[in-house]
$ cat my_file.pdb   # PDB, C-alpha atoms
ATOM      1  CA  MET A1286      16.807 -11.147 -16.637  1.00  0.00           C
ATOM      2  CA  LEU A1287      17.238  -7.438 -16.015  1.00  0.00           C
ATOM      3  CA  THR A1288      18.589  -5.740 -19.125  1.00  0.00           C
ATOM      4  CA  ARG A1289      19.144  -2.068 -18.281  1.00  0.00           C
ATOM      5  CA  ILE A1290      18.350   0.853 -16.051  1.00  0.00           C
ATOM      6  CA  ASP A1291      15.037   1.831 -17.644  1.00  0.00           C
ATOM      7  CA  HIS A1292      14.629   5.050 -15.704  1.00  0.00           C
ATOM      8  CA  ILE A1293      15.223   6.922 -12.507  1.00  0.00           C
ATOM      9  CA  GLY A1294      12.070   8.439 -11.040  1.00  0.00           C
ATOM     10  CA  ILE A1295      12.394  11.918  -9.559  1.00  0.00           C
ATOM     11  CA  ALA A1296       9.557  13.363  -7.481  1.00  0.00           C
ATOM     12  CA  CYS A1297       8.952  17.094  -7.863  1.00  0.00           C
ATOM     13  CA  PHE A1298       6.469  19.735  -6.748  1.00  0.00           C
ATOM     14  CA  ASP A1299       6.327  21.563 -10.111  1.00  0.00           C
ATOM     15  CA  LEU A1300       6.767  19.431 -13.217  1.00  0.00           C
ATOM     16  CA  ASP A1301       7.084  22.331 -15.666  1.00  0.00           C
ATOM     17  CA  LYS A1302       9.755  24.055 -13.582  1.00  0.00           C
ATOM     18  CA  THR A1303      11.673  20.793 -13.137  1.00  0.00           C
ATOM     19  CA  VAL A1304      11.500  19.974 -16.862  1.00  0.00           C
ATOM     20  CA  GLU A1305      12.866  23.433 -17.621  1.00  0.00           C
ATOM     21  CA  PHE A1306      15.778  22.865 -15.216  1.00  0.00           C
ATOM     22  CA  TYR A1307      16.769  19.605 -16.946  1.00  0.00           C
ATOM     23  CA  ARG A1308      16.346  21.197 -20.378  1.00  0.00           C
ATOM     24  CA  ALA A1309      18.389  24.334 -19.557  1.00  0.00           C
ATOM     25  CA  THR A1310      21.053  22.571 -17.484  1.00  0.00           C
ATOM     26  CA  TYR A1311      21.625  19.301 -19.346  1.00  0.00           C
ATOM     27  CA  GLY A1312      19.868  19.753 -22.687  1.00  0.00           C
ATOM     28  CA  PHE A1313      17.420  16.897 -22.031  1.00  0.00           C
ATOM     29  CA  GLU A1314      14.113  17.153 -23.894  1.00  0.00           C
ATOM     30  CA  VAL A1315      10.735  15.661 -23.074  1.00  0.00           C
ATOM     31  CA  PHE A1316      10.277  12.450 -25.045  1.00  0.00           C
ATOM     32  CA  HIS A1317       6.837  11.650 -23.627  1.00  0.00           C
ATOM     33  CA  SER A1318       4.412  13.162 -21.127  1.00  0.00           C
ATOM     34  CA  GLU A1319       1.161  11.907 -19.664  1.00  0.00           C
ATOM     35  CA  VAL A1320      -1.139  11.915 -16.670  1.00  0.00           C
ATOM     36  CA  ASN A1321      -1.445   8.520 -14.985  1.00  0.00           C
ATOM     37  CA  GLU A1322      -4.731   8.713 -13.078  1.00  0.00           C
ATOM     38  CA  GLU A1323      -4.213   5.320 -11.443  1.00  0.00           C
ATOM     39  CA  GLN A1324      -0.883   6.435  -9.945  1.00  0.00           C
ATOM     40  CA  GLY A1325      -2.068  10.011  -9.313  1.00  0.00           C
ATOM     41  CA  VAL A1326       0.821  11.652 -11.168  1.00  0.00           C
ATOM     42  CA  ARG A1327       1.605  13.901 -14.073  1.00  0.00           C
ATOM     43  CA  GLU A1328       4.900  12.833 -15.576  1.00  0.00           C
ATOM     44  CA  ALA A1329       7.505  13.648 -18.183  1.00  0.00           C
ATOM     45  CA  MET A1330       9.976  11.140 -19.567  1.00  0.00           C
ATOM     46  CA  LEU A1331      13.297  12.686 -20.590  1.00  0.00           C
ATOM     47  CA  LYS A1332      15.215  10.343 -22.884  1.00  0.00           C
ATOM     48  CA  ILE A1333      18.876  10.026 -21.994  1.00  0.00           C
ATOM     49  CA  ASN A1334      20.093   7.389 -24.466  1.00  0.00           C
ATOM     50  CA  GLU A1335      19.254   4.299 -26.509  1.00  0.00           C
ATOM     51  CA  THR A1336      20.252   0.908 -25.110  1.00  0.00           C
ATOM     52  CA  SER A1337      21.639  -2.226 -26.749  1.00  0.00           C
ATOM     53  CA  ASP A1338      18.423  -4.200 -26.142  1.00  0.00           C
ATOM     54  CA  GLY A1339      16.353  -1.775 -28.228  1.00  0.00           C
ATOM     55  CA  GLY A1340      15.047   0.155 -25.241  1.00  0.00           C
ATOM     56  CA  ALA A1341      16.183   3.437 -23.784  1.00  0.00           C
ATOM     57  CA  SER A1342      17.109   5.024 -20.471  1.00  0.00           C
ATOM     58  CA  TYR A1343      15.102   7.944 -19.122  1.00  0.00           C
ATOM     59  CA  LEU A1344      14.660  10.344 -16.260  1.00  0.00           C
ATOM     60  CA  GLN A1345      11.024  10.206 -15.170  1.00  0.00           C
ATOM     61  CA  LEU A1346       9.859  13.413 -13.510  1.00  0.00           C
ATOM     62  CA  LEU A1347       6.771  12.935 -11.335  1.00  0.00           C
ATOM     63  CA  GLU A1348       4.388  15.574  -9.994  1.00  0.00           C
ATOM     64  CA  PRO A1349       1.426  14.405  -7.896  1.00  0.00           C
ATOM     65  CA  THR A1350      -2.068  15.246  -9.147  1.00  0.00           C
ATOM     66  CA  ARG A1351      -3.780  14.538  -5.839  1.00  0.00           C
ATOM     67  CA  PRO A1352      -2.722  14.662  -2.179  1.00  0.00           C
ATOM     68  CA  ASP A1353      -3.443  10.970  -1.503  1.00  0.00           C
ATOM     69  CA  SER A1354      -1.083   9.684  -4.233  1.00  0.00           C
ATOM     70  CA  THR A1355       2.024   7.750  -3.271  1.00  0.00           C
ATOM     71  CA  VAL A1356       4.255  10.442  -4.791  1.00  0.00           C
ATOM     72  CA  ALA A1357       2.462  13.238  -2.872  1.00  0.00           C
ATOM     73  CA  LYS A1358       2.926  11.373   0.400  1.00  0.00           C
ATOM     74  CA  TRP A1359       6.570  10.724  -0.446  1.00  0.00           C
ATOM     75  CA  LEU A1360       7.154  14.427  -1.234  1.00  0.00           C
ATOM     76  CA  ASP A1361       5.533  15.442   2.074  1.00  0.00           C
ATOM     77  CA  LYS A1362       7.919  13.175   3.949  1.00  0.00           C
ATOM     78  CA  ASN A1363      11.128  13.567   1.904  1.00  0.00           C
ATOM     79  CA  GLY A1364      10.902  16.638  -0.325  1.00  0.00           C
ATOM     80  CA  GLU A1365      11.995  16.618  -3.943  1.00  0.00           C
ATOM     81  CA  GLY A1366      14.520  14.082  -5.164  1.00  0.00           C
ATOM     82  CA  VAL A1367      15.132  10.546  -6.348  1.00  0.00           C
ATOM     83  CA  HIS A1368      11.983   8.505  -5.726  1.00  0.00           C
ATOM     84  CA  HIS A1369      12.870   5.147  -7.330  1.00  0.00           C
ATOM     85  CA  ILE A1370      15.045   3.264  -9.775  1.00  0.00           C
ATOM     86  CA  ALA A1371      13.532   1.113 -12.513  1.00  0.00           C
ATOM     87  CA  PHE A1372      15.139  -1.852 -14.223  1.00  0.00           C
ATOM     88  CA  GLY A1373      14.041  -3.022 -17.651  1.00  0.00           C
ATOM     89  CA  THR A1374      13.157  -6.640 -18.312  1.00  0.00           C
ATOM     90  CA  ALA A1375      11.642  -8.501 -21.247  1.00  0.00           C
ATOM     91  CA  ASP A1376       9.118 -10.215 -18.929  1.00  0.00           C
ATOM     92  CA  VAL A1377       8.000  -8.317 -15.838  1.00  0.00           C
ATOM     93  CA  ASP A1378       5.751 -11.202 -14.720  1.00  0.00           C
ATOM     94  CA  ALA A1379       8.538 -13.794 -14.758  1.00  0.00           C
ATOM     95  CA  GLU A1380      11.104 -11.413 -13.253  1.00  0.00           C
ATOM     96  CA  ALA A1381       8.754 -10.420 -10.411  1.00  0.00           C
ATOM     97  CA  ALA A1382       7.965 -14.079  -9.672  1.00  0.00           C
ATOM     98  CA  ASP A1383      11.675 -14.976  -9.629  1.00  0.00           C
ATOM     99  CA  ILE A1384      12.514 -12.089  -7.297  1.00  0.00           C
ATOM    100  CA  LYS A1385       9.536 -12.911  -5.050  1.00  0.00           C
ATOM    101  CA  ASP A1386      10.848 -16.499  -4.784  1.00  0.00           C
ATOM    102  CA  LYS A1387      14.061 -14.980  -3.400  1.00  0.00           C
ATOM    103  CA  GLY A1388      12.133 -13.414  -0.505  1.00  0.00           C
ATOM    104  CA  VAL A1389      11.601  -9.870  -1.830  1.00  0.00           C
ATOM    105  CA  ARG A1390       8.095  -8.471  -1.464  1.00  0.00           C
ATOM    106  CA  VAL A1391       6.441  -7.501  -4.754  1.00  0.00           C
ATOM    107  CA  LEU A1392       3.980  -4.656  -4.193  1.00  0.00           C
ATOM    108  CA  TYR A1393       1.457  -5.462  -6.947  1.00  0.00           C
ATOM    109  CA  GLU A1394      -0.114  -8.901  -7.300  1.00  0.00           C
ATOM    110  CA  GLU A1395      -0.379  -8.287 -11.058  1.00  0.00           C
ATOM    111  CA  PRO A1396       1.713  -5.775 -13.034  1.00  0.00           C
ATOM    112  CA  ARG A1397       0.001  -2.466 -13.786  1.00  0.00           C
ATOM    113  CA  ARG A1398       0.086  -0.002 -16.641  1.00  0.00           C
ATOM    114  CA  GLY A1399       3.081   2.337 -16.522  1.00  0.00           C
ATOM    115  CA  SER A1400       4.483   5.115 -18.696  1.00  0.00           C
ATOM    116  CA  MET A1401       4.165   4.842 -22.460  1.00  0.00           C
ATOM    117  CA  GLY A1402       2.079   1.663 -22.240  1.00  0.00           C
ATOM    118  CA  SER A1403       4.658  -0.301 -20.249  1.00  0.00           C
ATOM    119  CA  ARG A1404       3.844  -2.998 -17.687  1.00  0.00           C
ATOM    120  CA  ILE A1405       5.278  -2.380 -14.210  1.00  0.00           C
ATOM    121  CA  THR A1406       5.503  -3.590 -10.663  1.00  0.00           C
ATOM    122  CA  PHE A1407       7.430  -2.390  -7.620  1.00  0.00           C
ATOM    123  CA  LEU A1408       9.575  -4.141  -5.028  1.00  0.00           C
ATOM    124  CA  HIS A1409       9.335  -3.181  -1.374  1.00  0.00           C
ATOM    125  CA  PRO A1410      12.112  -0.720  -0.425  1.00  0.00           C
ATOM    126  CA  LYS A1411      12.661  -2.405   2.947  1.00  0.00           C
ATOM    127  CA  ASP A1412      13.663  -5.566   1.068  1.00  0.00           C
ATOM    128  CA  CYS A1413      15.919  -3.607  -1.348  1.00  0.00           C
ATOM    129  CA  HIS A1414      18.181  -1.769   1.121  1.00  0.00           C
ATOM    130  CA  GLY A1415      15.944   1.296   1.284  1.00  0.00           C
ATOM    131  CA  VAL A1416      15.503   1.707  -2.492  1.00  0.00           C
ATOM    132  CA  LEU A1417      12.037   1.611  -4.047  1.00  0.00           C
ATOM    133  CA  THR A1418      12.667  -0.539  -7.119  1.00  0.00           C
ATOM    134  CA  GLU A1419      10.469  -0.814 -10.187  1.00  0.00           C
ATOM    135  CA  LEU A1420      10.489  -3.566 -12.811  1.00  0.00           C
ATOM    136  CA  VAL A1421       9.449  -2.475 -16.315  1.00  0.00           C
ATOM    137  CA  THR A1422       8.573  -4.250 -19.530  1.00  0.00           C
ATOM    138  CA  SER A1423       8.470  -1.499 -22.135  1.00  0.00           C
ATOM    139  CA  ALA A1424       5.872  -1.343 -24.867  1.00  0.00           C
ATOM    140  CA  PRO A1425       7.343  -0.918 -28.351  1.00  0.00           C
ATOM    141  CA  VAL A1426       7.942   2.781 -29.046  1.00  0.00           C
ATOM    142  CA  GLU A1427       7.895   3.915 -32.669  1.00  0.00           C
ATOM    143  CA  SER A1428       8.278   7.680 -32.292  1.00  0.00           C
ATOM    144  CA  PRO A1429       8.029  10.444 -29.678  1.00  0.00           C
ATOM    145  CA  GLU A1430       4.529  11.012 -28.332  1.00  0.00           C
ATOM    146  CA  HIS A1431       3.589  14.107 -26.367  1.00  0.00           C
TER
END

$ encode --input "my_file.pdb" --output "structure tokens"
Amino acid sequence: MLTRIDHIGIACFDLDKTVEFYRATYGFEVFHSEVNEEQGVREAMLKINETSDGGASYLQLLEPTRPDSTVAKWLDKNGEGVHHIAFGTADVDAEAADIKDKGVRVLYEEPRRGSMGSRITFLHPKDCHGVLTELVTSAPVESPEH
């Protein structure tokens, strides 16, 4: 079962400049930042609010670290903007299997490591009305980590 909008991923050319925009314009602060070598991105998670299931909702700002990353290719084609939407679930494996049984292509055979120790997979945008969709099982978060 999907429990919340976990985050909205926004691709950007300059992470620091984009973080500053969200800080100055909306007052959002960086809750977590990291480099994900596997995905080829440097990212910042801006916490928007807590959710009733113990999780939270975030904006995830993504800057590519190499030209062959998925986000770099997406930026070349589309420019900056919304890259994907992510839904939270208690069990990404079961949720992905259930959705796959409904005819939606799941992009990873096995979930991968995502932000803040989460487990993630993606659904093919052509099967989701043009929207790249991520499924996320969050790792427990005790306190902000930068």

$ closest_residue --input "my_file.pdb" --among "A:Val1421, A:Ala1357, A:Ala1375, A:Ile1384" --to "A:Pro1396" --atoms "only C-alpha atoms"
A:Val1421

$ residues_near_point --input "my_file.pdb" --point "(5.4, -2.5, -21.2)" --cutoff "6 Å" --atoms "only C-alpha atoms" --output "ChimeraX atom specification"
/A:1402-1404,1422-1424

$ write_last_selection --input "my_file.pdb" --atoms "C-alpha atoms" --output "PDB file, keeping the file's coordinate frame"
ATOM      1  CA  GLY A1402       2.079   1.663 -22.240  1.00  0.00           C
ATOM      2  CA  SER A1403       4.658  -0.301 -20.249  1.00  0.00           C
ATOM      3  CA  ARG A1404       3.844  -2.998 -17.687  1.00  0.00           C
ATOM      4  CA  THR A1422       8.573  -4.250 -19.530  1.00  0.00           C
ATOM      5  CA  SER A1423       8.470  -1.499 -22.135  1.00  0.00           C
ATOM      6  CA  ALA A1424       5.872  -1.343 -24.867  1.00  0.00           C
TER       7      ALA A1424
END

$ atom_distance --input "my_file.pdb" --atom1 "atom CA of A:Ala1329" --atom2 "atom CA of A:Gly1364"
18.4 Å

$ residues_around --input "my_file.pdb" --residues "A:Arg1327" --least-positions-apart "4" --cutoff "10 Å" --atoms "only C-alpha atoms" --output "list in words"
Asp1299, Leu1300, Ser1318, Glu1319, Val1320, Asn1321, Glu1322, Leu1346, Leu1347, Glu1348, Pro1349, Thr1350 and Arg1351 of chain A

$ resolve_selection --input "my_file.pdb" --expression "the PyMOL selection byres ((chain A and resi 1356) around 9)" --output "number ranges by chain"
A: 1296-1297, 1324-1326, 1347-1349, 1352-1355, 1357-1361, 1368

$ atom_distance --input "my_file.pdb" --atom1 "atom CA of A:Tyr1311" --atom2 "atom CA of A:His1369"
20.5 Å

$ atom_distance --input "my_file.pdb" --atom1 "atom CA of A:Leu1417" --atom2 "atom CA of A:Ala1371"
8.6 Å

$ residues_around --input "my_file.pdb" --residues "A:Ile1333" --least-positions-apart "4" --cutoff "9 Å" --atoms "only C-alpha atoms" --output "mmCIF file with C-alpha atoms, in the frame of the given file"
data_model
loop_
_atom_site.group_PDB
_atom_site.id
_atom_site.type_symbol
_atom_site.label_atom_id
_atom_site.label_comp_id
_atom_site.auth_asym_id
_atom_site.auth_seq_id
_atom_site.Cartn_x
_atom_site.Cartn_y
_atom_site.Cartn_z
ATOM 1 C CA PHE A 1313 17.420 16.897 -22.031
ATOM 2 C CA GLU A 1314 14.113 17.153 -23.894
ATOM 3 C CA ALA A 1341 16.183 3.437 -23.784
ATOM 4 C CA SER A 1342 17.109 5.024 -20.471
ATOM 5 C CA TYR A 1343 15.102 7.944 -19.122
ATOM 6 C CA LEU A 1344 14.660 10.344 -16.260
#

$ residues_near_point --input "my_file.pdb" --point "(9.7, -3.5, -1.2)" --cutoff "7 Å" --atoms "all atoms listed in the file" --output "PyMOL selection string"
chain A and resi 1389-1392+1407-1413+1417

$ residues_around --input "my_file.pdb" --residues "A:Ile1370" --least-positions-apart "4" --cutoff "9 Å" --atoms "all atoms listed in the file" --output "PyMOL selection string"
chain A and resi 1290-1294+1416-1420

$ closest_residue --input "my_file.pdb" --among "A:Gly1373, A:Asp1378, A:Lys1302, A:Gly1312" --to "A:Gly1339" --atoms "all atoms listed in the file"
A:Gly1373

$ closest_residue --input "my_file.pdb" --among "A:Glu1395, A:Gly1388, A:Gly1366, A:Ala1379" --to "A:Phe1298" --atoms "all atoms listed in the file"
A:Gly1366

$ residues_around --input "my_file.pdb" --residues "A:Val1315" --least-positions-apart "2" --cutoff "9 Å" --atoms "all atoms listed in the file" --output "ChimeraX atom specification"
/A:1304,1308,1313,1317-1318,1329-1332,1429,1431

$ write_last_selection --input "my_file.pdb" --atoms "C-alpha atoms" --output "CSV table (one decimal), keeping the file's coordinate frame"
chain,number,residue,atom,x,y,z
A,1304,VAL,CA,11.5,20.0,-16.9
A,1308,ARG,CA,16.3,21.2,-20.4
A,1313,PHE,CA,17.4,16.9,-22.0
A,1317,HIS,CA,6.8,11.6,-23.6
A,1318,SER,CA,4.4,13.2,-21.1
A,1329,ALA,CA,7.5,13.6,-18.2
A,1330,MET,CA,10.0,11.1,-19.6
A,1331,LEU,CA,13.3,12.7,-20.6
A,1332,LYS,CA,15.2,10.3,-22.9
A,1429,PRO,CA,8.0,10.4,-29.7
A,1431,HIS,CA,3.6,14.1,-26.4

$ closest_residue --input "my_file.pdb" --among "A:Thr1310, A:Arg1289, A:Glu1365, A:Glu1323" --to "A:Glu1335" --atoms "only C-alpha atoms"
A:Arg1289
